[in-house]
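Source file: start-v3.cif (mmCIF, C-alpha atoms and all ligand atoms)
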data_entry
loop_
_atom_site.group_PDB
_atom_site.id
_atom_site.type_symbol
_atom_site.label_atom_id
_atom_site.label_comp_id
_atom_site.auth_asym_id
_atom_site.auth_seq_id
_atom_site.Cartn_x
_atom_site.Cartn_y
_atom_site.Cartn_z
ATOM 1 C CA MET A 1 0.000 0.000 0.000
ATOM 2 C CA ASP A 2 1.335 3.393 -1.019
ATOM 3 C CA ILE A 3 0.495 6.708 0.638
ATOM 4 C CA ARG A 4 0.891 9.738 -1.622
ATOM 5 C CA PHE A 5 0.743 13.163 0.044
ATOM 6 C CA ILE A 6 -0.796 15.430 -2.580
ATOM 7 C CA GLY A 7 -0.699 18.475 -0.308
ATOM 8 C CA HIS A 8 -2.634 20.071 2.594
ATOM 9 C CA ALA A 9 -4.992 17.299 3.824
ATOM 10 C CA THR A 10 -5.234 15.571 0.447
ATOM 11 C CA VAL A 11 -3.800 12.064 0.530
ATOM 12 C CA GLU A 12 -4.107 9.106 -1.822
ATOM 13 C CA LEU A 13 -3.897 5.467 -0.674
ATOM 14 C CA THR A 14 -3.205 2.923 -3.402
ATOM 15 C CA ASP A 15 -3.324 -0.858 -3.012
ATOM 16 C CA GLY A 16 -3.730 -3.029 -6.093
ATOM 17 C CA SER A 17 -6.713 -1.738 -8.048
ATOM 18 C CA ALA A 18 -8.028 0.342 -5.114
ATOM 19 C CA ASN A 19 -7.198 4.048 -5.282
ATOM 20 C CA ILE A 20 -8.593 5.926 -2.301
ATOM 21 C CA LEU A 21 -8.484 9.717 -2.472
ATOM 22 C CA ILE A 22 -9.072 11.562 0.804
ATOM 23 C CA ASP A 23 -10.288 15.201 0.878
ATOM 24 C CA PRO A 24 -9.702 16.185 -2.779
ATOM 25 C CA PHE A 25 -8.166 19.685 -2.881
ATOM 26 C CA LEU A 26 -6.000 19.767 -5.986
ATOM 27 C CA ALA A 27 -3.999 22.149 -8.154
ATOM 28 C CA PRO A 28 -4.627 24.957 -8.888
ATOM 29 C CA ASN A 29 -7.159 25.370 -6.040
ATOM 30 C CA ASN A 30 -4.593 23.891 -3.657
ATOM 31 C CA PRO A 31 -1.562 26.211 -3.862
ATOM 32 C CA ILE A 32 0.984 23.558 -2.825
ATOM 33 C CA ALA A 33 -0.356 20.663 -4.908
ATOM 34 C CA THR A 34 1.138 19.755 -8.271
ATOM 35 C CA VAL A 35 -1.569 17.209 -9.118
ATOM 36 C CA THR A 36 -4.711 18.508 -10.841
ATOM 37 C CA ALA A 37 -8.278 17.175 -10.877
ATOM 38 C CA GLU A 38 -7.553 15.650 -14.302
ATOM 39 C CA GLU A 39 -4.555 13.709 -12.958
ATOM 40 C CA VAL A 40 -6.184 11.527 -10.292
ATOM 41 C CA GLU A 41 -8.045 8.257 -10.913
ATOM 42 C CA PRO A 42 -9.738 7.349 -7.635
ATOM 43 C CA THR A 43 -12.002 4.357 -7.224
ATOM 44 C CA HIS A 44 -13.146 5.822 -3.888
ATOM 45 C CA ILE A 45 -13.257 9.364 -2.491
ATOM 46 C CA LEU A 46 -13.395 9.754 1.296
ATOM 47 C CA VAL A 47 -14.412 13.070 2.841
ATOM 48 C CA THR A 48 -13.646 14.173 6.426
ATOM 49 C CA HIS A 49 -15.757 17.353 6.231
ATOM 50 C CA GLY A 50 -17.144 19.838 3.767
ATOM 51 C CA HIS A 51 -14.800 22.837 3.957
ATOM 52 C CA ALA A 52 -13.482 23.966 0.587
ATOM 53 C CA ASP A 53 -9.868 23.082 1.429
ATOM 54 C CA HIS A 54 -11.087 19.450 1.634
ATOM 55 C CA THR A 55 -13.728 19.254 -1.108
ATOM 56 C CA ALA A 56 -13.002 21.910 -3.766
ATOM 57 C CA ASP A 57 -12.256 19.263 -6.417
ATOM 58 C CA LEU A 58 -14.622 16.551 -5.219
ATOM 59 C CA ILE A 59 -17.458 17.070 -7.725
ATOM 60 C CA PRO A 60 -15.313 17.363 -10.898
ATOM 61 C CA VAL A 61 -13.245 14.316 -9.934
ATOM 62 C CA ALA A 62 -16.296 12.241 -8.980
ATOM 63 C CA GLU A 63 -18.138 13.229 -12.180
ATOM 64 C CA ARG A 64 -15.187 12.312 -14.402
ATOM 65 C CA THR A 65 -14.162 9.074 -12.674
ATOM 66 C CA GLY A 66 -17.443 7.793 -11.218
ATOM 67 C CA ALA A 67 -15.602 7.183 -7.948
ATOM 68 C CA HIS A 68 -17.596 5.963 -4.957
ATOM 69 C CA ILE A 69 -18.021 8.724 -2.334
ATOM 70 C CA LEU A 70 -17.969 8.042 1.422
ATOM 71 C CA ALA A 71 -18.888 10.794 3.855
ATOM 72 C CA ILE A 72 -20.980 11.499 6.918
ATOM 73 C CA VAL A 73 -24.729 11.198 6.301
ATOM 74 C CA GLU A 74 -25.352 14.916 5.682
ATOM 75 C CA ILE A 75 -22.517 15.311 3.154
ATOM 76 C CA SER A 76 -23.346 12.037 1.422
ATOM 77 C CA ARG A 77 -27.005 13.048 1.035
ATOM 78 C CA TRP A 78 -25.975 16.542 -0.144
ATOM 79 C CA HIS A 79 -24.182 14.806 -3.029
ATOM 80 C CA GLY A 80 -27.110 12.437 -3.523
ATOM 81 C CA ALA A 81 -29.358 15.469 -4.032
ATOM 82 C CA ARG A 82 -26.946 16.638 -6.756
ATOM 83 C CA GLY A 83 -27.218 13.480 -8.803
ATOM 84 C CA PHE A 84 -24.526 11.227 -7.331
ATOM 85 C CA GLU A 85 -25.703 7.659 -6.711
ATOM 86 C CA ASP A 86 -22.562 5.703 -5.799
ATOM 87 C CA LEU A 87 -22.451 6.807 -2.167
ATOM 88 C CA THR A 88 -21.810 5.479 1.319
ATOM 89 C CA GLU A 89 -23.285 7.351 4.249
ATOM 90 C CA ILE A 90 -22.070 6.417 7.707
ATOM 91 C CA ASN A 91 -21.942 8.353 10.951
ATOM 92 C CA ILE A 92 -19.505 8.572 13.843
ATOM 93 C CA GLY A 93 -18.746 5.111 15.220
ATOM 94 C CA GLY A 94 -19.844 3.381 12.041
ATOM 95 C CA THR A 95 -17.716 1.201 9.777
ATOM 96 C CA ALA A 96 -18.142 0.709 6.038
ATOM 97 C CA ARG A 97 -16.636 -2.410 4.429
ATOM 98 C CA PHE A 98 -15.258 -2.601 0.909
ATOM 99 C CA ASP A 99 -13.521 -5.349 -1.057
ATOM 100 C CA TRP A 100 -10.175 -3.710 -0.178
ATOM 101 C CA GLY A 101 -10.758 -3.148 3.568
ATOM 102 C CA TRP A 102 -12.829 -0.872 5.765
ATOM 103 C CA VAL A 103 -13.362 2.730 6.878
ATOM 104 C CA LYS A 104 -14.396 3.657 10.418
ATOM 105 C CA MET A 105 -15.715 7.164 11.044
ATOM 106 C CA VAL A 106 -14.618 8.870 14.267
ATOM 107 C CA GLN A 107 -15.097 12.286 15.808
ATOM 108 C CA ALA A 108 -13.124 15.452 15.166
ATOM 109 C CA PHE A 109 -13.404 18.793 16.971
ATOM 110 C CA HIS A 110 -13.904 21.438 14.298
ATOM 111 C CA THR A 111 -16.880 22.783 12.279
ATOM 112 C CA ASN A 112 -18.484 21.420 9.133
ATOM 113 C CA THR A 113 -20.118 23.427 6.369
ATOM 114 C CA ILE A 114 -20.335 22.990 2.600
ATOM 115 C CA GLU A 115 -20.913 25.441 -0.291
ATOM 116 C CA GLY A 116 -18.402 28.072 0.755
ATOM 117 C CA GLU A 117 -17.849 30.362 3.719
ATOM 118 C CA ASP A 118 -21.554 31.135 4.199
ATOM 119 C CA GLY A 119 -22.396 27.505 3.574
ATOM 120 C CA ILE A 120 -24.851 25.191 5.220
ATOM 121 C CA MET A 121 -24.077 23.028 8.239
ATOM 122 C CA VAL A 122 -23.608 19.383 7.215
ATOM 123 C CA GLY A 123 -23.378 17.456 10.489
ATOM 124 C CA PRO A 124 -20.236 17.256 12.607
ATOM 125 C CA PRO A 125 -16.735 16.998 11.143
ATOM 126 C CA THR A 126 -15.036 13.613 11.209
ATOM 127 C CA GLY A 127 -11.809 11.672 11.228
ATOM 128 C CA LEU A 128 -11.408 8.463 9.239
ATOM 129 C CA VAL A 129 -9.636 5.257 10.255
ATOM 130 C CA ILE A 130 -8.914 3.338 7.058
ATOM 131 C CA ASN A 131 -7.733 -0.270 6.792
ATOM 132 C CA VAL A 132 -6.275 -1.127 3.398
ATOM 133 C CA GLY A 133 -3.462 -3.400 2.257
ATOM 134 C CA GLY A 134 -3.086 -4.801 5.772
ATOM 135 C CA LYS A 135 -2.292 -1.356 7.251
ATOM 136 C CA THR A 136 -4.427 1.004 9.301
ATOM 137 C CA VAL A 137 -4.180 4.696 8.448
ATOM 138 C CA TYR A 138 -5.863 7.307 10.673
ATOM 139 C CA HIS A 139 -6.607 10.603 8.875
ATOM 140 C CA LEU A 140 -7.553 12.932 11.743
ATOM 141 C CA GLY A 141 -9.379 15.415 9.502
ATOM 142 C CA ASP A 142 -9.352 18.952 10.845
ATOM 143 C CA THR A 143 -9.411 18.865 14.636
ATOM 144 C CA GLY A 144 -8.129 20.374 17.817
ATOM 145 C CA LEU A 145 -6.503 18.134 20.389
ATOM 146 C CA PHE A 146 -8.773 15.737 22.298
ATOM 147 C CA GLY A 147 -8.041 12.958 24.778
ATOM 148 C CA ASP A 148 -10.072 10.260 23.062
ATOM 149 C CA LEU A 149 -7.441 10.014 20.337
ATOM 150 C CA LYS A 150 -6.038 7.453 22.786
ATOM 151 C CA LEU A 151 -9.320 5.547 22.947
ATOM 152 C CA ILE A 152 -9.685 5.549 19.158
ATOM 153 C CA ALA A 153 -6.163 4.179 18.706
ATOM 154 C CA GLU A 154 -6.724 1.540 21.390
ATOM 155 C CA SER A 155 -9.790 0.186 19.618
ATOM 156 C CA THR A 156 -8.201 0.349 16.160
ATOM 157 C CA PRO A 157 -4.371 0.263 16.467
ATOM 158 C CA VAL A 158 -2.862 2.718 13.989
ATOM 159 C CA ASP A 159 0.110 2.080 11.699
ATOM 160 C CA VAL A 160 0.199 5.527 10.111
ATOM 161 C CA ALA A 161 -1.356 8.691 11.600
ATOM 162 C CA LEU A 162 -1.965 11.696 9.348
ATOM 163 C CA ILE A 163 -1.952 14.548 11.870
ATOM 164 C CA PRO A 164 -2.704 18.240 11.168
ATOM 165 C CA ILE A 165 0.047 20.470 12.558
ATOM 166 C CA GLY A 166 -0.563 23.900 11.021
ATOM 167 C CA GLY A 167 -2.504 25.510 13.889
ATOM 168 C CA HIS A 168 -4.994 28.357 13.337
ATOM 169 C CA TYR A 169 -7.775 26.111 11.959
ATOM 170 C CA THR A 170 -6.595 22.892 13.663
ATOM 171 C CA MET A 171 -4.230 21.798 16.436
ATOM 172 C CA ASP A 172 -0.769 23.350 16.181
ATOM 173 C CA ARG A 173 2.518 21.463 16.044
ATOM 174 C CA HIS A 174 2.841 21.469 19.848
ATOM 175 C CA ASP A 175 -0.600 19.958 20.483
ATOM 176 C CA ALA A 176 0.138 17.619 17.571
ATOM 177 C CA VAL A 177 3.049 16.167 19.576
ATOM 178 C CA THR A 178 0.554 15.258 22.312
ATOM 179 C CA ALA A 179 -1.725 13.802 19.638
ATOM 180 C CA ALA A 180 1.130 11.621 18.390
ATOM 181 C CA LYS A 181 1.757 10.433 21.977
ATOM 182 C CA LEU A 182 -1.919 9.538 22.454
ATOM 183 C CA ILE A 183 -2.169 7.647 19.146
ATOM 184 C CA GLY A 184 1.120 5.748 19.348
ATOM 185 C CA ALA A 185 1.363 5.047 15.613
ATOM 186 C CA GLU A 186 4.467 3.526 14.111
ATOM 187 C CA THR A 187 4.623 6.397 11.611
ATOM 188 C CA VAL A 188 3.286 9.956 11.735
ATOM 189 C CA ILE A 189 2.900 12.040 8.583
ATOM 190 C CA PRO A 190 2.160 15.735 9.244
ATOM 191 C CA ILE A 191 -0.562 17.354 7.119
ATOM 192 C CA HIS A 192 -2.520 20.634 6.904
ATOM 193 C CA TYR A 193 0.450 23.031 7.083
ATOM 194 C CA ASP A 194 2.424 25.462 4.866
ATOM 195 C CA THR A 195 -0.512 25.731 2.447
ATOM 196 C CA PHE A 196 -1.453 29.336 3.303
ATOM 197 C CA PRO A 197 0.233 31.867 5.626
ATOM 198 C CA PRO A 198 -2.039 31.157 8.662
ATOM 199 C CA VAL A 199 -1.013 27.479 8.735
ATOM 200 C CA GLU A 200 2.723 27.913 8.206
ATOM 201 C CA THR A 201 4.766 25.950 10.727
ATOM 202 C CA ASP A 202 8.047 24.073 11.151
ATOM 203 C CA ALA A 203 7.523 20.428 10.190
ATOM 204 C CA GLN A 204 11.148 19.533 10.937
ATOM 205 C CA ALA A 205 10.790 20.909 14.489
ATOM 206 C CA TYR A 206 7.624 18.817 14.817
ATOM 207 C CA LYS A 207 9.548 15.735 13.673
ATOM 208 C CA ALA A 208 12.336 16.415 16.193
ATOM 209 C CA ASP A 209 9.856 16.902 19.063
ATOM 210 C CA VAL A 210 7.829 13.758 18.289
ATOM 211 C CA GLU A 211 10.909 11.586 17.828
ATOM 212 C CA ALA A 212 12.414 12.912 21.112
ATOM 213 C CA GLN A 213 9.224 12.323 23.119
ATOM 214 C CA THR A 214 7.589 9.243 21.561
ATOM 215 C CA SER A 215 8.539 6.036 19.796
ATOM 216 C CA SER A 216 6.806 7.166 16.577
ATOM 217 C CA LYS A 217 8.814 8.025 13.485
ATOM 218 C CA VAL A 218 7.795 11.155 11.587
ATOM 219 C CA VAL A 219 7.924 11.130 7.797
ATOM 220 C CA VAL A 220 7.753 14.656 6.358
ATOM 221 C CA LEU A 221 6.545 14.398 2.757
ATOM 222 C CA GLN A 222 6.768 17.132 0.150
ATOM 223 C CA PRO A 223 3.629 17.482 -1.983
ATOM 224 C CA GLY A 224 3.649 14.647 -4.517
ATOM 225 C CA GLU A 225 5.904 12.355 -2.478
ATOM 226 C CA THR A 226 4.941 8.792 -1.582
ATOM 227 C CA PHE A 227 5.575 6.716 1.542
ATOM 228 C CA THR A 228 5.100 2.955 1.715
ATOM 229 C CA PRO A 229 4.563 1.690 5.285
HETATM 230 NI NI NI B 1 -11.881 22.525 7.946
HETATM 231 MN MN MN B 2 -8.977 22.372 6.594
#

Would you give me this structure, written as structure tokens?
Amino acid sequence: MDIRFIGHATVELTDGSANILIDPFLAPNNPIATVTAEEVEPTHILVTHGHADHTADLIPVAERTGAHILAIVEISRWHGARGFEDLTEINIGGTARFDWGWVKMVQAFHTNTIEGEDGIMVGPPTGLVINVGGKTVYHLGDTGLFGDLKLIAESTPVDVALIPIGGHYTMDRHDAVTAAKLIGAETVIPIHYDTFPPVETDAQAYKADVEAQTSSKVVVLQPGETFTP
């Protein structure tokens, strides 16, 4: 299973014929991405929440590829009302099973709207625990720090944690060290930073802090780079 960091919170998991695209925010909407909406071929699109920096390219990619969309009930039905039929709706605590593995939806502490800054509320935001290719990847979504990261990782042990570190809209790199401690993943990949000025931070300092204080290894990926756990 390969993990490609496209940039910001956009990550692609590939295992055999399964190509799982999380939170599609692609070039040129995403200022740090080099991959455009025409250059991805997902079989599945997973959505943590509706903010534009997670969904700006969802509709064009889903229309072109016919990819299956998984999201919380309100976001899934929002797409259903716009003509999409290949949908999974689950809610927090629920697990969806696919031929390549499973996706468990967990909580995140953030907000959740769709259709822009004055958009409509679409349920709570989420994190996604994804099992594919024999590995478990936890994409935290956008969230502040919360203690039940430990509980989530106890019930579904995590190989790779994708943790936001940029601050301002999510936890910052200091709280993200605590998050890494609570999750205890073998590998941590920082996300949601250096995309726009408010979320600029020092990923190498984050790596040094996590590796000094936990047994997790931090892999800092440049946009477009791939890691194979
Ligand atoms: Ni957000
Ligand atoms: Mn975000």

### Spatial neighbours of range 177-193 of chain A, 6 Å, all atoms listed in the file, chain gap at least 2 places, as number ranges by chain
A: 8-9, 149-150, 153, 158-164, 166, 174-175, 195, 199-200, 210, 214, 216-220

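The environment of Ile32 in chain A within 9 Å, counting only C-alpha atoms and disregarding residues fewer than 5 places along the same chain, consists of Ile6, Gly7, His8, Leu26, Ala27, Asp194, Thr195, Phe196 and Pro223 of chain A.
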
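The result of the PyMOL selection byres (((chain A and resi 49) around 7) and not hetatm) on the shown file is Val47, Thr48, Gly50, His51, His54, Asn112, Pro125 and Thr126 of chain A.
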
### Task
Give me the residues within 6 Å of Pro42 in chain A as a list in words, counting all atoms listed in the file and dropping any in the same chain fewer than 2 places off.
Asn19, Ile20, Leu21, His44 and Ala67 of chain A

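Distances from A:Gly141, A:Gly133, A:Pro28, A:Gly167 to Ala71 in chain A were compared using all atoms listed in the file, and the smallest one belongs to A:Gly141.
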
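Residues with at least one atom no more than 8 Å from (-18.2, 9.9, 1.2), using all atoms listed in the file, are Ile45, Leu46, Val47, His68, Ile69, Leu70, Ala71, Ile72, Ile75, Ser76, Leu87, Thr88 and Glu89 of chain A.
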
### Query
Got a sec to resolve the PyMOL selection byres (((chain A and resi 58) around 8) and not hetatm) on this structure and send the residues as a ChimeraX atom specification?
/A:23-25,45,55-57,59-62

### Task
Figure out the distance between CA of Val40 in chain A and CA of Thr65 in chain A, please, to one decimal in Å.
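Here the two named atoms are 8.7 Å from each other.
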
### Message
Considering only C-alpha atoms and all ligand atoms, can you say which of A:Val35, A:Leu145, A:Ala52, A:Val106 comes closest to ligand NI 1 (chain B)?
### Response
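Looking at the shortest contact to ligand NI 1 (chain B), the residue is A:Ala52.
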
Exercise on range 114-125 of chain A, axis-aligned box with 6 Å per side, report centre and edge lengths in Å to one decimal, as lines of an AutoDock Vina configuration file:
center_x = -20.8
center_y = 24.1
center_z = 6.2
size_x = 20.1
size_y = 26.1
size_z = 24.9

### Query
Between A:Pro157, A:Gly144, A:Pro197, A:Gly66, which has the minimum distance to ligand NI 1 (chain B) (counting all atoms listed in the file)?
A:Gly144

Identify the residues around (5.8, 23.8, 14.0) within a radius of 8 Å, measuring from all atoms listed in the file in the coordinates stated by the file, and give them as a short mmCIF file (atom, residue, chain, number, x, y, z; two decimals) with C-alpha atoms, in the coordinates of the input.
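Result file is part.cif:
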data_model
loop_
_atom_site.label_atom_id
_atom_site.label_comp_id
_atom_site.auth_asym_id
_atom_site.auth_seq_id
_atom_site.Cartn_x
_atom_site.Cartn_y
_atom_site.Cartn_z
CA ILE A 165 0.05 20.47 12.56
CA GLY A 166 -0.56 23.90 11.02
CA ASP A 172 -0.77 23.35 16.18
CA ARG A 173 2.52 21.46 16.04
CA HIS A 174 2.84 21.47 19.85
CA GLU A 200 2.72 27.91 8.21
CA THR A 201 4.77 25.95 10.73
CA ASP A 202 8.05 24.07 11.15
CA ALA A 203 7.52 20.43 10.19
CA GLN A 204 11.15 19.53 10.94
CA ALA A 205 10.79 20.91 14.49
CA TYR A 206 7.62 18.82 14.82
#

### Task
Work out how far CA of Gly80 in chain A is from CA of Gly101 in chain A, in Å to one decimal.
23.7 Å

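For the set A:Asp209, A:Glu39, A:Glu115, A:Asp142, the residue with the smallest atom-to-atom gap to ligand MN 2 (chain B) is A:Asp142, counting only C-alpha atoms and all ligand atoms.
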
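Across the structure, CA of Thr156 in chain A and CA of Ala108 in chain A are spaced 15.9 Å apart.
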
Result set, the PyMOL selection byres (((chain A and resi 102) around 12) and not hetatm) on current file, as a PDB file with C-alpha atoms, keeping the file's coordinate frame:
ATOM      1  CA  ALA A  18      -8.028   0.342  -5.114  1.00  0.00           C
ATOM      2  CA  ILE A  20      -8.593   5.926  -2.301  1.00  0.00           C
ATOM      3  CA  HIS A  44     -13.146   5.822  -3.888  1.00  0.00           C
ATOM      4  CA  LEU A  46     -13.395   9.754   1.296  1.00  0.00           C
ATOM      5  CA  LEU A  70     -17.969   8.042   1.422  1.00  0.00           C
ATOM      6  CA  THR A  88     -21.810   5.479   1.319  1.00  0.00           C
ATOM      7  CA  ILE A  90     -22.070   6.417   7.707  1.00  0.00           C
ATOM      8  CA  GLY A  94     -19.844   3.381  12.041  1.00  0.00           C
ATOM      9  CA  THR A  95     -17.716   1.201   9.777  1.00  0.00           C
ATOM     10  CA  ALA A  96     -18.142   0.709   6.038  1.00  0.00           C
ATOM     11  CA  ARG A  97     -16.636  -2.410   4.429  1.00  0.00           C
ATOM     12  CA  PHE A  98     -15.258  -2.601   0.909  1.00  0.00           C
ATOM     13  CA  ASP A  99     -13.521  -5.349  -1.057  1.00  0.00           C
ATOM     14  CA  TRP A 100     -10.175  -3.710  -0.178  1.00  0.00           C
ATOM     15  CA  GLY A 101     -10.758  -3.148   3.568  1.00  0.00           C
ATOM     16  CA  VAL A 103     -13.362   2.730   6.878  1.00  0.00           C
ATOM     17  CA  LYS A 104     -14.396   3.657  10.418  1.00  0.00           C
ATOM     18  CA  MET A 105     -15.715   7.164  11.044  1.00  0.00           C
ATOM     19  CA  LEU A 128     -11.408   8.463   9.239  1.00  0.00           C
ATOM     20  CA  VAL A 129      -9.636   5.257  10.255  1.00  0.00           C
ATOM     21  CA  ILE A 130      -8.914   3.338   7.058  1.00  0.00           C
ATOM     22  CA  ASN A 131      -7.733  -0.270   6.792  1.00  0.00           C
ATOM     23  CA  VAL A 132      -6.275  -1.127   3.398  1.00  0.00           C
ATOM     24  CA  GLY A 133      -3.462  -3.400   2.257  1.00  0.00           C
ATOM     25  CA  GLY A 134      -3.086  -4.801   5.772  1.00  0.00           C
ATOM     26  CA  LYS A 135      -2.292  -1.356   7.251  1.00  0.00           C
ATOM     27  CA  THR A 136      -4.427   1.004   9.301  1.00  0.00           C
ATOM     28  CA  VAL A 137      -4.180   4.696   8.448  1.00  0.00           C
ATOM     29  CA  TYR A 138      -5.863   7.307  10.673  1.00  0.00           C
ATOM     30  CA  THR A 156      -8.201   0.349  16.160  1.00  0.00           C
TER      31      THR A 156
END

### For Asp148 in chain A, the nearest of the candidates A:Phe109, A:Pro229, A:Gly116, A:Gly16, counting all atoms listed in the file
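Ranked by minimum distance to Asp148 in chain A, first place goes to A:Phe109.
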
### Summary
Using only C-alpha atoms, the residue out of A:Gln222, A:Thr111, A:Ser155, A:Thr43 with shortest distance to Thr14 in chain A is A:Thr43
